[in-house]
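Trainee: Take this structure first; my questions come after.
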Amino acid sequence: MSPVSTEVERLLQGDRTVAVELATKLLKPRADNLVERPWGGARIREFKGLGADPLGPGRPIGESFELAADDGDAEARHHPSMIALADGSVVALPALLALHGDVLLGAAFVSRYGRRLPLLPKLLDVVELLSVQAHPRGNTEVYVILAAEPGATIRLGFNADVDAAALAKRLAEGRRQQQRLLDLCAGGVTPETLQAELRPWLARRYAPVAALEAILRTRLGAATRWPEVMSCLATLRAVYWETLERLNTVPVTAGQVIYNATPTRLTAASGQPASAEVHALGNPEGRAVLALEIRRPGPTFRAWDNVRFPLRDIDIDAALAALNLKATRAEDFLVTQVEVRAGVRRSVDCEYFRLEHLQPTALLAIDVPVTEPHTLHAVRGAVSVYATDGALVGALRCGESALVPIGVGAYRVVADQEPATVIKVELPPYAE
């Protein structure tokens, strides 16, 4: 006798009966879709309860790809969500949607977006300053702040009108000086050591260049042209702080929602769609921020990497071409949540996505009406999800996410561990 096929094998062979059953349950990916980043830390591991060092000892986890199912996006393609099925077999979510998108997503959704998930939600653990970056026009993003150390900030939006040509010239000079510094230090200091020494020095706005001489000169040797090293360092510090000081400083605290989008007054004047403003998440002081980021798939253009070594790719022209160069204010990006009904608050409601914050309690279950496929992200406590007939649809604990297929229909969210908060993210068109 031939062995019984696994659920994945049956799905990949086109068995619609398995897909129809899946469409009535939460599609919950494995929680270990983690990405090492030089600016990351250890909070995602703790937030998800994954145990010690899931990527290996001492490796910083910067991102967790919560739901990634769009092979048109390079990051999503490299980090696809993996769905564990009831029999223990595992399937990649992009492959599952490619084969059974009509069953799982519905014809209307597929006609608009294709057999993919046009969202790329992530958890971010920001311990060091990220690059100064942009996304293509029309892409906006939301940061739901889950935790933040006292005094933590992010940089978001230009605080004065910008001359693109002048800024591009200055950033290009900074990049040249980085390469020059590497060349001068070759054989004496590795890029990793250089990064470790420069980061705390750069964070002190007025620290003298001479403060690094005692540290670096003994490593570099007598043959190194120290005056040239000092000149490179002076230029790099100047570009680092000039660039940061062009951006609004936005204080962040747990519970905040920040919507990174061009302010309405500027889109009305320009006729351009709302787009993500220039941003550099994190802060020079290293005050950590843990956030749920919601955005559409698409590339990230680095304009400047804040003197990070080893060097990473940047594309100054692409970044500046994608950005609004008019002045914004920090308060432009702060969102006030609005109560929709008992236990449900809405924060962002735009042409790209809608965010609702579901907060069930022991005395209040949250009923969610029939809607198109969407995502759920448990950011506090734990919940169970039930169909209208009382059947268990799935469960989520803090740090877990799920895609809600079309077959789930209306459902009820019940708190298993309080306080409980689940972020619900929908794509247009929206149903009331």
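Just so we're on the same page: first chain in the structure tokens is A, next is B, and so on; residues restart at 1 for each chain, and ligands are numbered from 1 in the order they show up.
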Please identify all polymer residues within 6 Å of range 61-66 of chain A, counting only C-alpha atoms, omitting same-chain residues fewer than 6 positions from it, and present them as a PyMOL selection string.

Mentor: chain A and resi 33-37+40-41+121-125

Trainee: Identify, with DSSP run on backbone atoms, the residues in range 275-336 of chain A assigned to helix (DSSP H, G or I), and express the list as a list in words.

Mentor: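 These are the residues in question: Ile316, Asp317, Ala318, Ala319, Leu320, Ala321, Ala322, Ala330, Glu331, Asp332 and Phe333 of chain A.
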
Trainee: Write the selection just made, keeping C-alpha atoms, as a compact mmCIF listing (two decimals), in the first residue's frame?

Mentor:
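Written file, again_21.txt:
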```txt
# COMPACT_ATOMS: atom_id res chain seq x y z
CA ILE A 316 20.59 58.43 -2.60
CA ASP A 317 18.90 59.43 -5.87
CA ALA A 318 16.11 56.82 -5.61
CA ALA A 319 15.44 57.73 -1.99
CA LEU A 320 15.20 61.47 -2.59
CA ALA A 321 13.08 60.99 -5.72
CA ALA A 322 10.52 59.07 -3.62
CA ALA A 330 6.23 65.78 14.54
CA GLU A 331 2.57 66.08 15.49
CA ASP A 332 1.54 65.39 11.87
CA PHE A 333 2.22 61.70 12.43
```

Trainee: Nearest to His357 in chain A among A:Ala84, A:Ala342, A:Leu194, A:Val127, with distances taken over only C-alpha atoms: which residue is it?

Mentor: A:Ala342

Trainee: For each of A:Arg45, A:Val307, A:Pro60, A:Leu104, take the minimum atom-to-atom distance to Glu197 in chain A, counting only C-alpha atoms, then give the residue where this is smallest.

Mentor: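 Comparing A:Arg45, A:Val307, A:Pro60, A:Leu104 against Glu197 in chain A, the winner is A:Val307.
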
Trainee: For Thr336 in chain A, list every protein, DNA or RNA residue within 10 Å, evaluated using only C-alpha atoms, and leave out those in the same chain fewer than 5 positions away; present the list as an mmCIF file with C-alpha atoms, in the first residue's frame.

Mentor:
```cif
data_model
loop_
_atom_site.group_PDB
_atom_site.id
_atom_site.type_symbol
_atom_site.label_atom_id
_atom_site.label_comp_id
_atom_site.auth_asym_id
_atom_site.auth_seq_id
_atom_site.Cartn_x
_atom_site.Cartn_y
_atom_site.Cartn_z
ATOM 1 C CA GLN A 256 1.194 55.058 20.619
ATOM 2 C CA VAL A 257 0.241 54.684 16.971
ATOM 3 C CA ILE A 258 2.302 56.649 14.465
ATOM 4 C CA ARG A 345 -10.817 51.266 18.614
ATOM 5 C CA ARG A 346 -9.756 52.423 15.152
ATOM 6 C CA SER A 347 -6.423 54.159 14.641
ATOM 7 C CA VAL A 348 -5.619 54.363 10.909
#
```

Trainee: Show me, as a list in words, the residues that have an atom within 10 Å of Val250 in chain A when counting only C-alpha atoms, minus same-chain residues fewer than 5 positions from it.

Mentor: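 Using only C-alpha atoms, the neighbours found are Ala152, Thr153, Ile154, Arg155, Leu156, Gly157, Ile258, Leu281, Gly282, Asn283, Arg329, Ala330, Glu331, Phe333 and Leu334 of chain A.
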
Trainee: Please report the interatomic distance between CA of Arg295 in chain A and CA of Gly72 in chain A in Å with one decimal.

Mentor: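 Distance reported for this atom pair: 14.7 Å.
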
Trainee: Might you pull out every residue within 9 Å of range 228-245 of chain A, with only C-alpha atoms counted and same-chain residues fewer than 5 positions away left off, and present them as a short mmCIF file (atom, residue, chain, number, x, y, z; two decimals) with N, CA and C atoms, in the first residue's frame?

Mentor:
```cif
data_model
loop_
_atom_site.label_atom_id
_atom_site.label_comp_id
_atom_site.auth_asym_id
_atom_site.auth_seq_id
_atom_site.Cartn_x
_atom_site.Cartn_y
_atom_site.Cartn_z
N VAL A 132 18.60 56.23 7.20
CA VAL A 132 17.68 57.26 6.71
C VAL A 132 17.13 56.72 5.39
N ARG A 155 13.10 59.38 14.27
CA ARG A 155 13.19 60.55 13.39
C ARG A 155 12.26 60.32 12.21
N PHE A 158 11.01 65.54 7.17
CA PHE A 158 11.89 66.71 7.19
C PHE A 158 11.23 67.83 7.97
N ASN A 159 12.02 68.55 8.77
CA ASN A 159 11.47 69.64 9.57
C ASN A 159 11.59 71.00 8.90
N LEU A 167 21.37 68.22 -0.62
CA LEU A 167 21.39 67.10 0.32
C LEU A 167 22.07 65.89 -0.31
N ARG A 170 25.78 66.29 -0.21
CA ARG A 170 26.35 66.13 1.14
C ARG A 170 26.38 64.65 1.55
N LEU A 171 25.31 63.92 1.25
CA LEU A 171 25.28 62.50 1.60
C LEU A 171 26.31 61.70 0.80
N GLU A 173 29.13 62.86 -0.24
CA GLU A 173 30.43 63.16 0.35
C GLU A 173 30.64 62.33 1.62
N GLY A 174 29.58 62.19 2.42
CA GLY A 174 29.69 61.35 3.61
C GLY A 174 30.04 59.92 3.25
N ARG A 175 29.43 59.40 2.22
CA ARG A 175 29.73 58.03 1.80
C ARG A 175 31.18 57.90 1.33
N GLN A 177 33.68 59.64 2.34
CA GLN A 177 34.54 59.71 3.51
C GLN A 177 34.52 58.40 4.31
N GLN A 178 33.39 57.71 4.30
CA GLN A 178 33.35 56.39 4.94
C GLN A 178 34.32 55.43 4.26
N ARG A 180 36.89 56.22 2.46
CA ARG A 180 38.25 56.71 2.70
C ARG A 180 38.74 56.28 4.08
N LEU A 181 37.86 56.36 5.08
CA LEU A 181 38.24 55.93 6.43
C LEU A 181 38.55 54.44 6.44
N LEU A 184 42.00 53.97 4.98
CA LEU A 184 43.07 54.40 5.88
C LEU A 184 43.27 53.41 7.03
N CYS A 185 42.17 52.75 7.43
CA CYS A 185 42.25 51.83 8.55
C CYS A 185 42.56 50.40 8.13
N TRP A 201 30.70 57.29 20.13
CA TRP A 201 31.29 58.62 19.91
C TRP A 201 30.35 59.49 19.09
N LEU A 202 29.78 58.94 18.04
CA LEU A 202 28.86 59.71 17.21
C LEU A 202 27.63 60.15 18.00
N ALA A 203 27.19 59.32 18.93
CA ALA A 203 25.98 59.64 19.69
C ALA A 203 26.15 60.88 20.57
N ARG A 205 26.90 64.47 20.59
CA ARG A 205 26.86 65.49 19.53
C ARG A 205 28.14 66.29 19.43
N PRO A 208 34.79 65.63 20.93
CA PRO A 208 35.90 66.00 20.04
C PRO A 208 36.44 64.80 19.28
N VAL A 209 36.94 65.07 18.08
CA VAL A 209 37.56 64.01 17.29
C VAL A 209 38.73 63.40 18.05
N ALA A 210 39.42 64.24 18.80
CA ALA A 210 40.59 63.76 19.55
C ALA A 210 40.24 62.66 20.54
N LEU A 212 38.77 60.01 19.99
CA LEU A 212 38.99 58.71 19.36
C LEU A 212 40.46 58.40 19.12
N GLU A 213 41.32 59.40 19.24
CA GLU A 213 42.72 59.20 18.87
C GLU A 213 43.38 58.14 19.75
N ALA A 280 14.11 57.57 10.00
CA ALA A 280 15.25 56.85 10.58
C ALA A 280 14.77 56.39 11.95
N TRP A 304 21.06 57.17 3.43
CA TRP A 304 22.23 57.39 4.29
C TRP A 304 22.15 56.37 5.40
N ASP A 305 23.28 55.77 5.77
CA ASP A 305 23.26 54.68 6.74
C ASP A 305 23.88 55.06 8.08
N ASN A 306 23.93 56.36 8.36
CA ASN A 306 24.38 56.84 9.67
C ASN A 306 25.75 56.29 10.07
N VAL A 307 26.68 56.31 9.12
CA VAL A 307 28.08 55.93 9.36
C VAL A 307 28.17 54.51 9.92
#
```

Trainee: Give me the residues within 9 Å of Arg412 in chain A as a list in words, counting only C-alpha atoms and dropping any in the same chain fewer than 4 places off.

Mentor: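 Returned residues: Ala365, Ile366, Asp367, Val368, Pro369, Ser384, Val385, Tyr386, Ala387, Thr388 and Gly390 of chain A.
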
Trainee: Could you please take those selected residues and save N, CA and C atoms as a PDB file, in the first residue's frame?

Mentor:
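As a result, selection-v6.pdb now contains:
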```
ATOM      1  N   ALA A 365     -16.796  39.909  24.909  1.00  0.00           N
ATOM      2  CA  ALA A 365     -16.259  39.289  23.703  1.00  0.00           C
ATOM      3  C   ALA A 365     -16.476  40.256  22.538  1.00  0.00           C
ATOM      4  N   ILE A 366     -15.582  40.210  21.568  1.00  0.00           N
ATOM      5  CA  ILE A 366     -15.664  41.109  20.414  1.00  0.00           C
ATOM      6  C   ILE A 366     -16.203  40.334  19.220  1.00  0.00           C
ATOM      7  N   ASP A 367     -17.341  40.769  18.683  1.00  0.00           N
ATOM      8  CA  ASP A 367     -17.908  40.169  17.477  1.00  0.00           C
ATOM      9  C   ASP A 367     -17.406  40.923  16.252  1.00  0.00           C
ATOM     10  N   VAL A 368     -16.847  40.179  15.308  1.00  0.00           N
ATOM     11  CA  VAL A 368     -16.334  40.754  14.063  1.00  0.00           C
ATOM     12  C   VAL A 368     -17.235  40.303  12.925  1.00  0.00           C
ATOM     13  N   PRO A 369     -17.841  41.230  12.175  1.00  0.00           N
ATOM     14  CA  PRO A 369     -18.763  40.831  11.111  1.00  0.00           C
ATOM     15  C   PRO A 369     -18.031  40.192   9.931  1.00  0.00           C
ATOM     16  N   SER A 384      -8.896  33.478  21.990  1.00  0.00           N
ATOM     17  CA  SER A 384      -9.406  32.422  21.123  1.00  0.00           C
ATOM     18  C   SER A 384     -10.428  33.030  20.180  1.00  0.00           C
ATOM     19  N   VAL A 385     -10.527  32.443  18.987  1.00  0.00           N
ATOM     20  CA  VAL A 385     -11.435  32.949  17.954  1.00  0.00           C
ATOM     21  C   VAL A 385     -12.429  31.839  17.621  1.00  0.00           C
ATOM     22  N   TYR A 386     -13.719  32.182  17.665  1.00  0.00           N
ATOM     23  CA  TYR A 386     -14.776  31.196  17.441  1.00  0.00           C
ATOM     24  C   TYR A 386     -15.670  31.624  16.283  1.00  0.00           C
ATOM     25  N   ALA A 387     -16.092  30.650  15.486  1.00  0.00           N
ATOM     26  CA  ALA A 387     -17.072  30.902  14.434  1.00  0.00           C
ATOM     27  C   ALA A 387     -18.441  31.141  15.066  1.00  0.00           C
ATOM     28  N   THR A 388     -19.402  31.579  14.263  1.00  0.00           N
ATOM     29  CA  THR A 388     -20.733  31.880  14.791  1.00  0.00           C
ATOM     30  C   THR A 388     -21.444  30.628  15.306  1.00  0.00           C
ATOM     31  N   GLY A 390     -19.934  28.438  17.091  1.00  0.00           N
ATOM     32  CA  GLY A 390     -19.220  28.053  18.301  1.00  0.00           C
ATOM     33  C   GLY A 390     -17.976  27.228  18.061  1.00  0.00           C
TER      34      GLY A 390
END
```

Trainee: Tell me, which residues of range 103-311 of chain A carry DSSP strand (DSSP E), written as a PyMOL selection string?

Mentor: chain A and resi 122-126+132-134+141-148+153-158+247-251+257-260+279-280+289-295+301-304

Trainee: Set the distance at 10 Å and use only C-alpha atoms: which residues neighbour Gly88 in chain A once local chain neighbours fewer than 6 positions away are removed? I'd like the list as JSON, numbers by chain.

Mentor: {"A": [6, 7, 8]}

Trainee: Using only C-alpha atoms, which residue out of A:Gly51, A:Gln359, A:Ser270, A:Pro299 lies closest to Ala74 in chain A?

Mentor: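 With only C-alpha atoms as the atom set, the closest residue is A:Pro299.
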
Trainee: Quick one: of A:Asp315, A:Asp73, A:Asp349, A:Glu418, who's nearest to Val383 in chain A, counting only C-alpha atoms?

Mentor: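 That would be A:Glu418, the residue with the smallest distance to Val383 in chain A.
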
Trainee: Identify which of the residues A:Pro405, A:Pro273, A:Gly255, A:Pro360 lies closest to Gln417 in chain A, counting only C-alpha atoms when measuring atom-to-atom distances.

Mentor: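 Using only C-alpha atoms, the shortest distance to Gln417 in chain A belongs to A:Pro360.
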